[in-house]
Each structure stands twice: as structure tokens, then as C-alpha cells.
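Following: one structure in C-alpha cells, then a few remarks.
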Amino acid sequence: MAKRRTIVTDYLARVEGEGAMTVKLAGDEVEHVELRIFEPPRFFEAFLRGRHFTEAPDITARICGICPVAYQTSAVNAMESLCAIDVPEPIRLLRRLLYCGEWIESHALHVYMLHAPDFLGYESAIELAQVAPVAVERGLALKRIGNDVMTLVGGREIHPINVRVGGFYRVPAKRELRTLVEPLERAREAALETVRWTAGLQFPERTVECDLVALSLPGEYAIERGRIVSSAGLDLAPAEYDKHFEELHVERSNALQSQLRGGGLYLTGPLARYTLAHDSLSPGAREAAAEAGLGPECRDPFRSIVVRSVELVHACEESLRIIEEYEEPDAPALEAEPVAGTGYGVSEAPRGLLYHRYRLDSDGTILDAKIVPPTSQNQLAIEADLRDVVARNTRLGDDELRRLCEQTIRNYDPCISCATHFLDLQVERT
Amino acid sequence: MRTVVIGIGNALRGDDGAGLAVAERLGGVACEEEPSRLIEAWGGAEAAVLVDTVVSGAPPGTIHRFDATDAPIPARALRSSTHAIGLAETIELARALGKLPARVVVYGIEGTSFDAGGPLSPEVETAVNRLVTTIEEEELCTSAP
């Protein structure tokens, strides 16, 4: 008779948003693993129908309080590709600067407040702050500088309001951007220290073998645009996304789960970006990665904390480079005339690939919208990883196993809907 | 004793601006619910009075009071934040870092109307007036030397 055990965590802390997870064990046999996520984009897709195409960036920004810039960027990319608008270089650079601010804010939050306590054996960032105040203050300072970048370029730190189809409502003067140089230089030092700090954590040895998917551009660590590439050799325009990826509805969850068409899970996010494009990281980020012992690829979800730290360095250095190069554009935006048809947009949210698709009629009314957030895309990979982690650790006691399960989920920095308010974790053993 | 009144909210969303209205009337500051901004806002103060809007199911205009001086405020009390680090967590982070004023009181005004561009509802307007007086008489005065 297999041993029966039931483990329940009513509230899984340190993830953004809320959902639920269940693990069922019969003795050493893992019977069932599911991660339920109540993602809101399906409602937003309906909200978007009948709205004007220029409203998409502001409406979709509301999907997430942590990564609004990702939603705005994928939305404007989709609209601009359909309207055949190619924004001038200064606009593109400003968009990347705004996006770097979001990466800094989001990664600093995850590394220090949400993820680090797992490695150091603390329940929360508050406990961590009692024993490692210097580190936590460094994290808060980094996050704040990310917020400051978003405020200056985006007009507001949470749900920025300055992004529009064709460009921005207002572009900053170069002297305004220069006020960010000194804070960003401090942030770069803090980010380098973050890499050293996270590289010194203890990691269980772990490798995930699934396909990795990220955006790619020659010579760039792609953030605000790019082609979709994979470790298995895919190389797609954003418009080809639906031909190769599909979303499935599973009965147990309101969230759709993505997979490669014909079956096959894949992973998007920091591990995918690093493995597919580490050569294009900024010089300081490359050097920090090497010093941290990261090789040419990183498929260890636990070490994603080091990769996020390396990306923090990159985001700071890239921001400084953009401010140095920036020249004010002639106009803050190009006028976009709507075109009937379908537009596709992608960008690299802090957690991974964010895909938008919109169908417009000739007066610019949105007829249909599809939004695939990174956490939906990663959901199957997270479940597969969780199943394997549980299978390898059935000898652990309930509390230890529960903690390991929670950490396994947090390794992916899942951004669960801001609109739902519960995540409970259940491990059932029968 | 130097006291700072900090209003949290969004003036463009009806009753969500209640905390900002109180802070403005008392010569306080408005602050985003971002950890380092809040810690900066009460930096150097010996007492902090924080005012936010809450939705708990109580009648509109109800004033909730939480004393965070010695113990955490109930995390669920102010769960209107969509961000991972809300006000309750920020207060505890600051406490752990030794960056919390000696005295911290949090007021929550129960809101009812959050229309974009809308005014404060009459119930909340009344509560704002009442809370301004309360803070002047009790919080600011009792803390005077």
C-alpha cells in the first residue's frame, strides 16, 4: 500500500499575482502535477474588440502592474507593422530605454524580494532584510532607479501613459535623460554586485532540456523587437507565430497553455535569452556572466537568478549607452493611418516572449485580439520541471518538498494575473 | 516631534484620491506605493501618518485605523495593491531595515466610487474632513512635545 500524504499551502508567497498548484503522489510515484493560473488576458482580448487601434497600448498596459511596458510595446509593434510604420531610431531607442527601466524594476524585485529568500532559507524579504540589510537595500535602490527611468520616459512608473502607436506623446530632451546617468551608473555597480552576490548562492544541479525560444536581432540582445528564434532552429517573423505555436484550453484551468504545434513544450525568458543571445550582451554583462561561472548556455532554472542579475547589468549599460547616443527626434510620433488586416507584435517582457495579434477594419476598429503572455507559454515547461523535481525528491519530508516545489515555480518568475487574488499550493500524497 | 502625513492613491480615480486629499489639507506629501519612495517620504520623520483608500465591504466613508508602531498591520487590510510589495510589506521591510519612524499610523478610508476623472463621493468627502480634524487633534497634537 503506497504511503498517503497530503500537503497543503494555502497561499504561495513571492509570486506576482495568484493561482494554484496541485501535486499528487502515490508513494514514490508522481501521479499528477498541475499549475493553475487564472490569466486575465482573455478578458482583455474581449475588452479590445470594438475599440480603436490607438487605444490598445493603454488598455493592454493594464494587464500587469509589473510589466506594463511589455504590453504597450508588443501592442504598438503589432499596430505599426500593420500600418507599415517604421519608427525612427531615436523613438526606437527611447522605447528600449523605457523597457530597460521595466527590466531593472522587475528583475530587482524578483531577484531580491521574491527569489533570493528561497536560496537563503528565509520565508520572506522581510526576514532577509533583518539579516542582510545591505543586500535588501541594494535591491530596493536598484528597483527604484528602474522606476525612475519609467517615470521619466513613460510619464508614470506604474502603467506609463506616454506610449502611443507611432512613437510617444512627448519625447524627453537630452538634458532630461542626462539626469539619469548618475543613478544608472550607481545602478550598474549595484547590478554587478548583484551578480557576485547571486553567483555565491548554493544551487542544486539541474538542467531542463526543452526548446528555448527568444527574440533575436543581429548584434543585439533583443528586447523591444526582433525575430522569434529557438534552440531547435526556428527563425520566424512575428507574423508566423501562430503557424508554429498554439494555445490549448485545459479543463482544470482558466489559463490557456501554449505549446509548439504538434506537441512539444518550450521555455521563454531569461534562460532562453541568455542561451540564444549571450554574445550580444553588453561588455560588462558578458564579463560579469563569465566571472559568475555561466557558460555559453544556461539551462538551470535555479540559476535563472544569476541570469536575471546579468540582465540587470545589461539593462543598466544599455540604458547608459542609449542616453549617450540619443538625439531628440524631429517629432514625437509618426501619424498612423489604420489599414484593414492583421498586425503582429512581439517583445521580450522580463519573463519572456509576449505576443500580440490584432485584426483591424479599415477605420481602425479592433475586430479581434490575441495576447499570449510569457507565463502561459512557460506553463507546460514549469509543470514538466515540477514533475521531475518532485520525482527526484520524493524522499523529502512534506515541508521540505513543499518548499522545493515553491522554489521550482518561483525559478520562472511567473507573473500570475494581477486581477485574481489567491494562489494555493496543494501537494496530495495517496 | 516631526510628523509627516503621506497620502497614497490616484487623484484621477474618484475615491482613490481620498488619501491625497487628506495629505494636501495637512501640508503632507503624495507618494506612489513604491517601497523606496515611501521609505524616502518618511525619512527623517519621527512619526508618519499614512492615508490610503480601502475597499473592505464596510459602509462608504468608514475610517479604519491601524497602528503600525509596534506590530504589522493586517496584510489583508490594504490589499488593493496590484504590486508584489504593498504598503504593509513596505512598513515591515522598513522596520527590518531600521528605517521606520518611531510612530506609524495608517488610516484607510472606505471608498465606493472609482470612476475615471470622478470626484470624491459625498461619504468620502465627509470622511476626509473628519479625518483631517482627527489627525490635527490627535495624531499631530498628541505627538507634540
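Letters for chains follow the order of the C-alpha cells (A, B, ...), residue numbers begin at 1 for each chain, and ligand numbers begin at 1 in the order shown.
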
Proximal residues of chain A relative to chain B (only C-alpha atoms; 9 Å) as a ChimeraX atom specification = /A:14-17,64-66,109,113-114,125-134,136-137,140-141,143-144,147,157-158,418-419

Written file, previous selection with N, CA and C atoms, as an mmCIF file, in the first residue's frame:
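Everything below was put into selection-v9.cif:
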```cif
data_model
loop_
_atom_site.group_PDB
_atom_site.id
_atom_site.type_symbol
_atom_site.label_atom_id
_atom_site.label_comp_id
_atom_site.auth_asym_id
_atom_site.auth_seq_id
_atom_site.Cartn_x
_atom_site.Cartn_y
_atom_site.Cartn_z
ATOM 1 N N ARG A 14 5.457 35.330 -2.630
ATOM 2 C CA ARG A 14 6.568 35.693 -3.501
ATOM 3 C C ARG A 14 6.407 35.274 -4.962
ATOM 4 N N VAL A 15 5.192 35.309 -5.453
ATOM 5 C CA VAL A 15 4.975 35.303 -6.897
ATOM 6 C C VAL A 15 4.079 36.505 -7.190
ATOM 7 N N GLU A 16 4.142 36.990 -8.425
ATOM 8 C CA GLU A 16 3.345 38.154 -8.775
ATOM 9 C C GLU A 16 1.972 37.697 -9.226
ATOM 10 N N GLY A 17 0.970 37.994 -8.430
ATOM 11 C CA GLY A 17 -0.365 37.532 -8.725
ATOM 12 C C GLY A 17 -0.629 36.209 -8.036
ATOM 13 N N CYS A 64 -0.901 44.235 -16.480
ATOM 14 C CA CYS A 64 0.101 43.922 -15.466
ATOM 15 C C CYS A 64 0.696 45.181 -14.862
ATOM 16 N N GLY A 65 0.780 45.220 -13.530
ATOM 17 C CA GLY A 65 1.405 46.353 -12.855
ATOM 18 C C GLY A 65 2.914 46.249 -12.817
ATOM 19 N N ILE A 66 3.445 45.064 -13.138
ATOM 20 C CA ILE A 66 4.888 44.857 -13.098
ATOM 21 C C ILE A 66 5.499 45.054 -14.487
ATOM 22 N N LEU A 109 13.168 43.428 -8.290
ATOM 23 C CA LEU A 109 12.106 42.952 -7.399
ATOM 24 C C LEU A 109 12.179 41.434 -7.255
ATOM 25 N N MET A 113 13.544 40.408 -3.687
ATOM 26 C CA MET A 113 12.377 40.313 -2.803
ATOM 27 C C MET A 113 11.678 38.956 -2.906
ATOM 28 N N LEU A 114 11.700 38.362 -4.096
ATOM 29 C CA LEU A 114 10.894 37.165 -4.303
ATOM 30 C C LEU A 114 11.723 35.878 -4.339
ATOM 31 N N ALA A 125 11.251 38.450 2.123
ATOM 32 C CA ALA A 125 12.258 39.502 2.009
ATOM 33 C C ALA A 125 12.386 40.265 3.325
ATOM 34 N N ILE A 126 11.304 40.273 4.107
ATOM 35 C CA ILE A 126 11.346 40.981 5.391
ATOM 36 C C ILE A 126 12.318 40.267 6.337
ATOM 37 N N GLU A 127 12.243 38.938 6.373
ATOM 38 C CA GLU A 127 13.214 38.176 7.183
ATOM 39 C C GLU A 127 14.630 38.386 6.645
ATOM 40 N N LEU A 128 14.746 38.370 5.322
ATOM 41 C CA LEU A 128 16.063 38.568 4.708
ATOM 42 C C LEU A 128 16.634 39.938 5.093
ATOM 43 N N ALA A 129 15.751 40.939 5.141
ATOM 44 C CA ALA A 129 16.196 42.300 5.463
ATOM 45 C C ALA A 129 16.780 42.387 6.866
ATOM 46 N N GLN A 130 16.305 41.506 7.765
ATOM 47 C CA GLN A 130 16.824 41.544 9.137
ATOM 48 C C GLN A 130 18.260 41.050 9.217
ATOM 49 N N VAL A 131 18.603 40.084 8.341
ATOM 50 C CA VAL A 131 19.958 39.518 8.410
ATOM 51 C C VAL A 131 20.881 40.060 7.321
ATOM 52 N N ALA A 132 20.305 40.539 6.228
ATOM 53 C CA ALA A 132 21.135 41.044 5.128
ATOM 54 C C ALA A 132 20.614 42.396 4.657
ATOM 55 N N PRO A 133 20.617 43.382 5.566
ATOM 56 C CA PRO A 133 20.026 44.677 5.205
ATOM 57 C C PRO A 133 20.730 45.355 4.032
ATOM 58 N N VAL A 134 22.037 45.172 3.938
ATOM 59 C CA VAL A 134 22.775 45.840 2.861
ATOM 60 C C VAL A 134 22.290 45.333 1.503
ATOM 61 N N VAL A 136 19.371 43.863 0.779
ATOM 62 C CA VAL A 136 17.986 44.251 0.506
ATOM 63 C C VAL A 136 17.902 45.731 0.120
ATOM 64 N N GLU A 137 18.685 46.557 0.793
ATOM 65 C CA GLU A 137 18.679 47.973 0.412
ATOM 66 C C GLU A 137 19.228 48.177 -0.998
ATOM 67 N N LEU A 140 16.345 47.351 -3.280
ATOM 68 C CA LEU A 140 15.349 48.430 -3.305
ATOM 69 C C LEU A 140 15.851 49.621 -4.118
ATOM 70 N N ALA A 141 17.136 49.935 -3.973
ATOM 71 C CA ALA A 141 17.698 51.076 -4.695
ATOM 72 C C ALA A 141 17.700 50.811 -6.200
ATOM 73 N N LYS A 143 15.706 48.745 -7.853
ATOM 74 C CA LYS A 143 14.313 48.773 -8.324
ATOM 75 C C LYS A 143 13.858 50.216 -8.512
ATOM 76 N N ARG A 144 14.229 51.053 -7.578
ATOM 77 C CA ARG A 144 13.818 52.449 -7.620
ATOM 78 C C ARG A 144 14.368 53.155 -8.865
ATOM 79 N N ASN A 147 12.295 52.262 -11.724
ATOM 80 C CA ASN A 147 11.059 53.055 -11.671
ATOM 81 C C ASN A 147 11.298 54.481 -12.158
ATOM 82 N N GLU A 157 5.382 55.705 -13.366
ATOM 83 C CA GLU A 157 6.147 54.473 -13.163
ATOM 84 C C GLU A 157 5.290 53.216 -13.266
ATOM 85 N N ILE A 158 4.034 53.349 -12.868
ATOM 86 C CA ILE A 158 3.153 52.190 -12.967
ATOM 87 C C ILE A 158 2.124 52.519 -14.052
ATOM 88 N N CYS A 418 -2.758 39.849 -12.084
ATOM 89 C CA CYS A 418 -2.918 40.825 -11.003
ATOM 90 C C CYS A 418 -4.373 40.876 -10.557
ATOM 91 N N ALA A 419 -5.246 40.383 -11.384
ATOM 92 C CA ALA A 419 -6.682 40.531 -11.102
ATOM 93 C C ALA A 419 -7.235 39.425 -10.208
#
```

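Once Leu152 of chain A and its same-chain neighbours fewer than 6 positions away are set aside, A:Leu98, A:Pro172, A:Glu176, A:Leu177, A:Leu180 remain within 9 Å of it when counting only C-alpha atoms.
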
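Restricting the calculation to only C-alpha atoms, the smallest distance between Thr3 of chain B and any of B:Asp67, B:Thr53, B:Ala47, B:Ala18 is found for B:Ala47.
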
Quick one: pick out all helix (DSSP H, G or I) residues within segment 4-244 of chain A from a backbone DSSP run and write them as a compact mmCIF listing (two decimals) with N, CA and C atoms, in the first residue's frame.
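And here's out33.txt as it stands now:
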```txt
# COMPACT_ATOMS: atom_id res chain seq x y z
N PRO A 41 -5.67 37.97 -19.60
CA PRO A 41 -5.69 38.50 -20.97
C PRO A 41 -6.90 38.06 -21.80
N ARG A 42 -7.52 36.96 -21.45
CA ARG A 42 -8.69 36.57 -22.24
C ARG A 42 -9.79 37.60 -22.11
N PHE A 43 -9.93 38.16 -20.94
CA PHE A 43 -10.94 39.21 -20.80
C PHE A 43 -10.50 40.46 -21.56
N PHE A 44 -9.23 40.75 -21.48
CA PHE A 44 -8.74 41.93 -22.20
C PHE A 44 -8.93 41.77 -23.69
N GLU A 45 -8.76 40.57 -24.18
CA GLU A 45 -8.96 40.35 -25.61
C GLU A 45 -10.39 40.75 -25.99
N ALA A 46 -11.33 40.44 -25.10
CA ALA A 46 -12.72 40.83 -25.37
C ALA A 46 -12.92 42.33 -25.21
N PHE A 47 -12.27 42.91 -24.17
CA PHE A 47 -12.38 44.37 -23.98
C PHE A 47 -11.91 45.11 -25.23
N LEU A 48 -10.91 44.54 -25.89
CA LEU A 48 -10.28 45.25 -27.01
C LEU A 48 -11.16 45.29 -28.25
N PHE A 53 -7.77 51.25 -32.69
CA PHE A 53 -6.44 50.61 -32.62
C PHE A 53 -5.44 51.41 -31.81
N THR A 54 -5.65 52.73 -31.72
CA THR A 54 -4.70 53.55 -30.96
C THR A 54 -4.87 53.37 -29.44
N GLU A 55 -5.96 52.73 -29.03
CA GLU A 55 -6.20 52.54 -27.59
C GLU A 55 -5.51 51.30 -27.04
N ALA A 56 -5.05 50.42 -27.95
CA ALA A 56 -4.50 49.14 -27.50
C ALA A 56 -3.34 49.27 -26.50
N PRO A 57 -2.36 50.17 -26.73
CA PRO A 57 -1.26 50.23 -25.75
C PRO A 57 -1.73 50.60 -24.34
N ASP A 58 -2.66 51.54 -24.23
CA ASP A 58 -3.10 51.94 -22.88
C ASP A 58 -4.00 50.89 -22.23
N ILE A 59 -4.82 50.23 -23.05
CA ILE A 59 -5.69 49.20 -22.47
C ILE A 59 -4.85 47.99 -22.02
N THR A 60 -3.95 47.54 -22.87
CA THR A 60 -3.20 46.32 -22.52
C THR A 60 -2.17 46.57 -21.42
N ALA A 61 -1.73 47.83 -21.26
CA ALA A 61 -0.79 48.14 -20.17
C ALA A 61 -1.38 47.75 -18.83
N PRO A 68 3.95 46.60 -17.54
CA PRO A 68 3.07 47.31 -18.49
C PRO A 68 3.78 47.69 -19.79
N VAL A 69 5.08 47.99 -19.71
CA VAL A 69 5.80 48.42 -20.91
C VAL A 69 5.84 47.30 -21.94
N ALA A 70 5.95 46.07 -21.47
CA ALA A 70 5.97 44.93 -22.39
C ALA A 70 4.66 44.90 -23.18
N TYR A 71 3.53 45.08 -22.49
CA TYR A 71 2.24 45.05 -23.18
C TYR A 71 2.12 46.21 -24.16
N GLN A 72 2.54 47.40 -23.72
CA GLN A 72 2.46 48.56 -24.61
C GLN A 72 3.32 48.35 -25.85
N THR A 73 4.51 47.79 -25.65
CA THR A 73 5.45 47.65 -26.76
C THR A 73 4.98 46.61 -27.77
N SER A 74 4.53 45.46 -27.29
CA SER A 74 4.04 44.46 -28.24
C SER A 74 2.82 44.99 -28.99
N ALA A 75 1.98 45.78 -28.30
CA ALA A 75 0.79 46.34 -28.95
C ALA A 75 1.17 47.33 -30.05
N VAL A 76 2.07 48.26 -29.74
CA VAL A 76 2.44 49.24 -30.77
C VAL A 76 3.20 48.56 -31.91
N ASN A 77 4.00 47.55 -31.60
CA ASN A 77 4.69 46.82 -32.66
C ASN A 77 3.68 46.19 -33.63
N ALA A 78 2.63 45.61 -33.08
CA ALA A 78 1.62 44.97 -33.93
C ALA A 78 0.94 46.00 -34.82
N MET A 79 0.52 47.11 -34.21
CA MET A 79 -0.19 48.14 -34.98
C MET A 79 0.72 48.76 -36.04
N GLU A 80 1.96 49.03 -35.66
CA GLU A 80 2.86 49.70 -36.59
C GLU A 80 3.25 48.77 -37.74
N SER A 81 3.36 47.46 -37.47
CA SER A 81 3.70 46.56 -38.57
C SER A 81 2.55 46.52 -39.57
N LEU A 82 1.32 46.58 -39.07
CA LEU A 82 0.18 46.56 -39.98
C LEU A 82 0.08 47.87 -40.76
N GLU A 89 15.01 55.94 -35.48
CA GLU A 89 15.93 55.37 -34.49
C GLU A 89 15.76 55.98 -33.09
N PRO A 90 15.66 57.32 -32.94
CA PRO A 90 15.54 57.85 -31.57
C PRO A 90 14.30 57.32 -30.84
N ILE A 91 13.21 57.12 -31.57
CA ILE A 91 11.99 56.59 -30.94
C ILE A 91 12.24 55.15 -30.50
N ARG A 92 12.89 54.41 -31.36
CA ARG A 92 13.17 53.01 -31.03
C ARG A 92 14.08 52.93 -29.79
N LEU A 93 15.07 53.82 -29.76
CA LEU A 93 15.98 53.82 -28.61
C LEU A 93 15.24 54.20 -27.32
N LEU A 94 14.36 55.18 -27.42
CA LEU A 94 13.59 55.58 -26.24
C LEU A 94 12.72 54.43 -25.74
N ARG A 95 12.15 53.70 -26.70
CA ARG A 95 11.32 52.56 -26.30
C ARG A 95 12.18 51.52 -25.58
N ARG A 96 13.39 51.33 -26.08
CA ARG A 96 14.23 50.33 -25.41
C ARG A 96 14.66 50.83 -24.03
N LEU A 97 14.92 52.14 -23.92
CA LEU A 97 15.28 52.71 -22.62
C LEU A 97 14.14 52.51 -21.62
N LEU A 98 12.93 52.82 -22.06
CA LEU A 98 11.76 52.62 -21.20
C LEU A 98 11.66 51.15 -20.78
N TYR A 99 11.89 50.27 -21.74
CA TYR A 99 11.81 48.84 -21.49
C TYR A 99 12.93 48.39 -20.54
N CYS A 100 14.12 48.98 -20.68
CA CYS A 100 15.22 48.66 -19.75
C CYS A 100 14.82 49.04 -18.33
N GLY A 101 14.12 50.18 -18.20
CA GLY A 101 13.64 50.58 -16.88
C GLY A 101 12.75 49.50 -16.28
N GLU A 102 11.89 48.95 -17.11
CA GLU A 102 11.00 47.89 -16.64
C GLU A 102 11.77 46.62 -16.26
N TRP A 103 12.75 46.27 -17.08
CA TRP A 103 13.58 45.10 -16.73
C TRP A 103 14.27 45.31 -15.39
N ILE A 104 14.83 46.50 -15.19
CA ILE A 104 15.55 46.78 -13.94
C ILE A 104 14.59 46.67 -12.76
N GLU A 105 13.44 47.30 -12.88
CA GLU A 105 12.45 47.30 -11.80
C GLU A 105 11.97 45.87 -11.51
N SER A 106 11.63 45.15 -12.58
CA SER A 106 11.05 43.82 -12.41
C SER A 106 12.10 42.80 -11.93
N HIS A 107 13.27 42.83 -12.54
CA HIS A 107 14.32 41.87 -12.15
C HIS A 107 14.82 42.14 -10.72
N ALA A 108 14.98 43.41 -10.36
CA ALA A 108 15.44 43.72 -9.00
C ALA A 108 14.43 43.22 -7.97
N LEU A 109 13.17 43.43 -8.29
CA LEU A 109 12.11 42.95 -7.40
C LEU A 109 12.18 41.43 -7.26
N HIS A 110 12.30 40.74 -8.38
CA HIS A 110 12.29 39.27 -8.30
C HIS A 110 13.54 38.73 -7.63
N VAL A 111 14.70 39.22 -8.05
CA VAL A 111 15.95 38.69 -7.50
C VAL A 111 15.99 38.86 -5.99
N TYR A 112 15.73 40.07 -5.52
CA TYR A 112 15.94 40.37 -4.09
C TYR A 112 14.73 40.04 -3.22
N MET A 113 13.54 40.41 -3.69
CA MET A 113 12.38 40.31 -2.80
C MET A 113 11.68 38.96 -2.91
N LEU A 114 11.70 38.36 -4.10
CA LEU A 114 10.89 37.17 -4.30
C LEU A 114 11.72 35.88 -4.34
N HIS A 115 12.91 35.93 -4.94
CA HIS A 115 13.64 34.70 -5.23
C HIS A 115 14.75 34.41 -4.22
N ALA A 116 15.54 35.43 -3.88
CA ALA A 116 16.70 35.21 -3.00
C ALA A 116 16.33 34.53 -1.68
N PRO A 117 15.20 34.89 -1.04
CA PRO A 117 14.90 34.24 0.23
C PRO A 117 14.86 32.71 0.14
N ASP A 118 14.48 32.16 -1.02
CA ASP A 118 14.46 30.70 -1.20
C ASP A 118 15.85 30.09 -0.99
N PHE A 119 16.85 30.74 -1.53
CA PHE A 119 18.20 30.17 -1.50
C PHE A 119 18.82 30.30 -0.12
N LEU A 120 18.37 31.29 0.63
CA LEU A 120 19.00 31.57 1.92
C LEU A 120 18.17 31.06 3.09
N ALA A 125 11.25 38.45 2.12
CA ALA A 125 12.26 39.50 2.01
C ALA A 125 12.39 40.26 3.33
N ILE A 126 11.30 40.27 4.11
CA ILE A 126 11.35 40.98 5.39
C ILE A 126 12.32 40.27 6.34
N GLU A 127 12.24 38.94 6.37
CA GLU A 127 13.21 38.18 7.18
C GLU A 127 14.63 38.39 6.64
N LEU A 128 14.75 38.37 5.32
CA LEU A 128 16.06 38.57 4.71
C LEU A 128 16.63 39.94 5.09
N ALA A 129 15.75 40.94 5.14
CA ALA A 129 16.20 42.30 5.46
C ALA A 129 16.78 42.39 6.87
N GLN A 130 16.31 41.51 7.77
CA GLN A 130 16.82 41.54 9.14
C GLN A 130 18.26 41.05 9.22
N VAL A 131 18.60 40.08 8.34
CA VAL A 131 19.96 39.52 8.41
C VAL A 131 20.88 40.06 7.32
N PRO A 133 20.62 43.38 5.57
CA PRO A 133 20.03 44.68 5.20
C PRO A 133 20.73 45.36 4.03
N VAL A 134 22.04 45.17 3.94
CA VAL A 134 22.78 45.84 2.86
C VAL A 134 22.29 45.33 1.50
N ALA A 135 22.13 44.01 1.40
CA ALA A 135 21.67 43.42 0.14
C ALA A 135 20.26 43.90 -0.20
N VAL A 136 19.37 43.86 0.78
CA VAL A 136 17.99 44.25 0.51
C VAL A 136 17.90 45.73 0.12
N GLU A 137 18.68 46.56 0.79
CA GLU A 137 18.68 47.97 0.41
C GLU A 137 19.23 48.18 -1.00
N ARG A 138 20.21 47.35 -1.36
CA ARG A 138 20.73 47.43 -2.74
C ARG A 138 19.62 47.07 -3.72
N GLY A 139 18.85 46.04 -3.41
CA GLY A 139 17.74 45.65 -4.27
C GLY A 139 16.70 46.74 -4.40
N LEU A 140 16.34 47.35 -3.28
CA LEU A 140 15.35 48.43 -3.30
C LEU A 140 15.85 49.62 -4.12
N ALA A 141 17.14 49.94 -3.97
CA ALA A 141 17.70 51.08 -4.70
C ALA A 141 17.70 50.81 -6.20
N LEU A 142 18.06 49.58 -6.57
CA LEU A 142 18.06 49.21 -7.99
C LEU A 142 16.65 49.32 -8.57
N LYS A 143 15.71 48.74 -7.85
CA LYS A 143 14.31 48.77 -8.32
C LYS A 143 13.86 50.22 -8.51
N ARG A 144 14.23 51.05 -7.58
CA ARG A 144 13.82 52.45 -7.62
C ARG A 144 14.37 53.15 -8.87
N ILE A 145 15.60 52.85 -9.23
CA ILE A 145 16.17 53.51 -10.40
C ILE A 145 15.44 53.04 -11.67
N GLY A 146 15.06 51.77 -11.70
CA GLY A 146 14.22 51.29 -12.81
C GLY A 146 12.92 52.06 -12.88
N ASN A 147 12.29 52.26 -11.72
CA ASN A 147 11.06 53.05 -11.67
C ASN A 147 11.30 54.48 -12.16
N ASP A 148 12.44 55.05 -11.78
CA ASP A 148 12.73 56.43 -12.18
C ASP A 148 12.86 56.55 -13.71
N VAL A 149 13.48 55.53 -14.33
CA VAL A 149 13.60 55.54 -15.79
C VAL A 149 12.20 55.49 -16.41
N MET A 150 11.35 54.63 -15.86
CA MET A 150 9.98 54.51 -16.40
C MET A 150 9.21 55.81 -16.21
N THR A 151 9.41 56.48 -15.07
CA THR A 151 8.71 57.74 -14.83
C THR A 151 9.14 58.80 -15.82
N LEU A 152 10.46 58.88 -16.06
CA LEU A 152 10.94 59.94 -16.94
C LEU A 152 10.52 59.71 -18.39
N VAL A 153 10.67 58.49 -18.87
CA VAL A 153 10.37 58.23 -20.29
C VAL A 153 8.88 57.92 -20.49
N GLY A 154 8.30 57.23 -19.52
CA GLY A 154 6.93 56.77 -19.70
C GLY A 154 5.88 57.69 -19.10
N LYS A 174 17.38 65.75 -24.33
CA LYS A 174 18.59 65.01 -23.95
C LYS A 174 19.03 65.38 -22.53
N ARG A 175 18.89 66.66 -22.19
CA ARG A 175 19.33 67.06 -20.84
C ARG A 175 18.49 66.38 -19.75
N GLU A 176 17.22 66.12 -20.06
CA GLU A 176 16.39 65.40 -19.09
C GLU A 176 16.92 63.98 -18.89
N LEU A 177 17.25 63.34 -20.00
CA LEU A 177 17.76 61.97 -19.90
C LEU A 177 19.09 61.93 -19.14
N ARG A 178 19.87 63.00 -19.29
CA ARG A 178 21.19 63.02 -18.62
C ARG A 178 21.06 62.95 -17.10
N VAL A 181 21.88 59.59 -15.76
CA VAL A 181 23.20 58.97 -15.93
C VAL A 181 23.81 58.58 -14.58
N GLU A 182 23.81 59.53 -13.66
CA GLU A 182 24.46 59.22 -12.37
C GLU A 182 23.73 58.08 -11.63
N PRO A 183 22.39 58.14 -11.53
CA PRO A 183 21.70 57.00 -10.90
C PRO A 183 21.96 55.68 -11.63
N LEU A 184 21.99 55.71 -12.96
CA LEU A 184 22.20 54.47 -13.71
C LEU A 184 23.62 53.93 -13.52
N GLU A 185 24.57 54.83 -13.34
CA GLU A 185 25.93 54.36 -13.05
C GLU A 185 25.98 53.67 -11.69
N ARG A 186 25.26 54.25 -10.74
CA ARG A 186 25.15 53.59 -9.43
C ARG A 186 24.44 52.25 -9.58
N ALA A 187 23.40 52.24 -10.42
CA ALA A 187 22.63 51.00 -10.62
C ALA A 187 23.51 49.93 -11.24
N ARG A 188 24.39 50.34 -12.18
CA ARG A 188 25.27 49.36 -12.81
C ARG A 188 26.19 48.71 -11.77
N GLU A 189 26.74 49.55 -10.88
CA GLU A 189 27.59 48.99 -9.82
C GLU A 189 26.79 48.03 -8.93
N ALA A 190 25.58 48.45 -8.61
CA ALA A 190 24.72 47.59 -7.77
C ALA A 190 24.39 46.30 -8.50
N ALA A 191 24.19 46.39 -9.81
CA ALA A 191 23.87 45.19 -10.59
C ALA A 191 25.06 44.24 -10.65
N LEU A 192 26.25 44.81 -10.80
CA LEU A 192 27.46 43.96 -10.79
C LEU A 192 27.60 43.26 -9.45
N GLU A 193 27.33 44.00 -8.38
CA GLU A 193 27.38 43.42 -7.04
C GLU A 193 26.31 42.32 -6.90
N THR A 194 25.17 42.55 -7.55
CA THR A 194 24.09 41.56 -7.53
C THR A 194 24.53 40.25 -8.19
N VAL A 195 25.26 40.37 -9.29
CA VAL A 195 25.76 39.15 -9.95
C VAL A 195 26.70 38.40 -9.02
N ARG A 196 27.61 39.12 -8.39
CA ARG A 196 28.56 38.46 -7.48
C ARG A 196 27.82 37.80 -6.31
N TRP A 197 26.81 38.50 -5.82
CA TRP A 197 26.03 38.00 -4.68
C TRP A 197 25.27 36.74 -5.05
N THR A 198 24.57 36.78 -6.18
CA THR A 198 23.76 35.61 -6.56
C THR A 198 24.64 34.44 -7.00
N ALA A 199 25.80 34.75 -7.59
CA ALA A 199 26.69 33.66 -8.04
C ALA A 199 27.21 32.87 -6.84
N PRO A 238 7.37 37.69 -36.61
CA PRO A 238 6.26 37.64 -35.65
C PRO A 238 4.97 37.12 -36.28
N ALA A 239 4.74 37.44 -37.56
CA ALA A 239 3.50 37.02 -38.24
C ALA A 239 3.40 35.51 -38.37
N GLU A 240 4.52 34.81 -38.19
CA GLU A 240 4.49 33.35 -38.35
C GLU A 240 4.28 32.62 -37.02
N TYR A 241 4.12 33.38 -35.94
CA TYR A 241 4.00 32.77 -34.61
C TYR A 241 2.89 31.71 -34.56
N ASP A 242 1.71 32.09 -35.04
CA ASP A 242 0.56 31.17 -34.91
C ASP A 242 0.73 29.90 -35.73
N LYS A 243 1.58 29.95 -36.74
CA LYS A 243 1.82 28.73 -37.53
C LYS A 243 2.61 27.70 -36.74
N HIS A 244 3.36 28.17 -35.76
CA HIS A 244 4.28 27.26 -35.06
C HIS A 244 3.93 27.03 -33.59
```

Name the residues in contact with Leu234 of chain A at a cut-off of 12 Å, using only C-alpha atoms, excluding same-chain residues fewer than 5 positions from it; report them as a list of chain:residue names.
-> A:Asp211, A:Leu212, A:Val213, A:Ala214, A:Leu215, A:Ser216, A:Arg227, A:Ile228, A:Val229, A:Glu240, A:Tyr241, A:Lys243, A:His244, A:Phe245, A:Leu260, A:Leu276

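Going from atom CA of Glu383 of chain A over to atom CA of Thr268 of chain A, you cover 14.1 Å.
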
Between atom CA of Leu201 of chain A and atom CA of Leu401 of chain A, what is the spacing in Å?
-> 19.6 Å

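The spacing separating atom CA of Thr62 of chain B from atom CA of Gly9 of chain B amounts to 16.8 Å.
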
Surrounding residues of segment 106-122 of chain B excluding itself and chain neighbours under 2 positions, 10 Å, only C-alpha atoms, as an MDAnalysis selection string = chainID B and resid 5:8 10:19 21 48:69 73 77:78 87:88 104 124:128 131 135

Among chain B, which residues carry a DSSP assignment of strand (DSSP E or B), reported as a PyMOL selection string?
-> chain B and resi 3-7+29-30+47-54+63-67+103-110
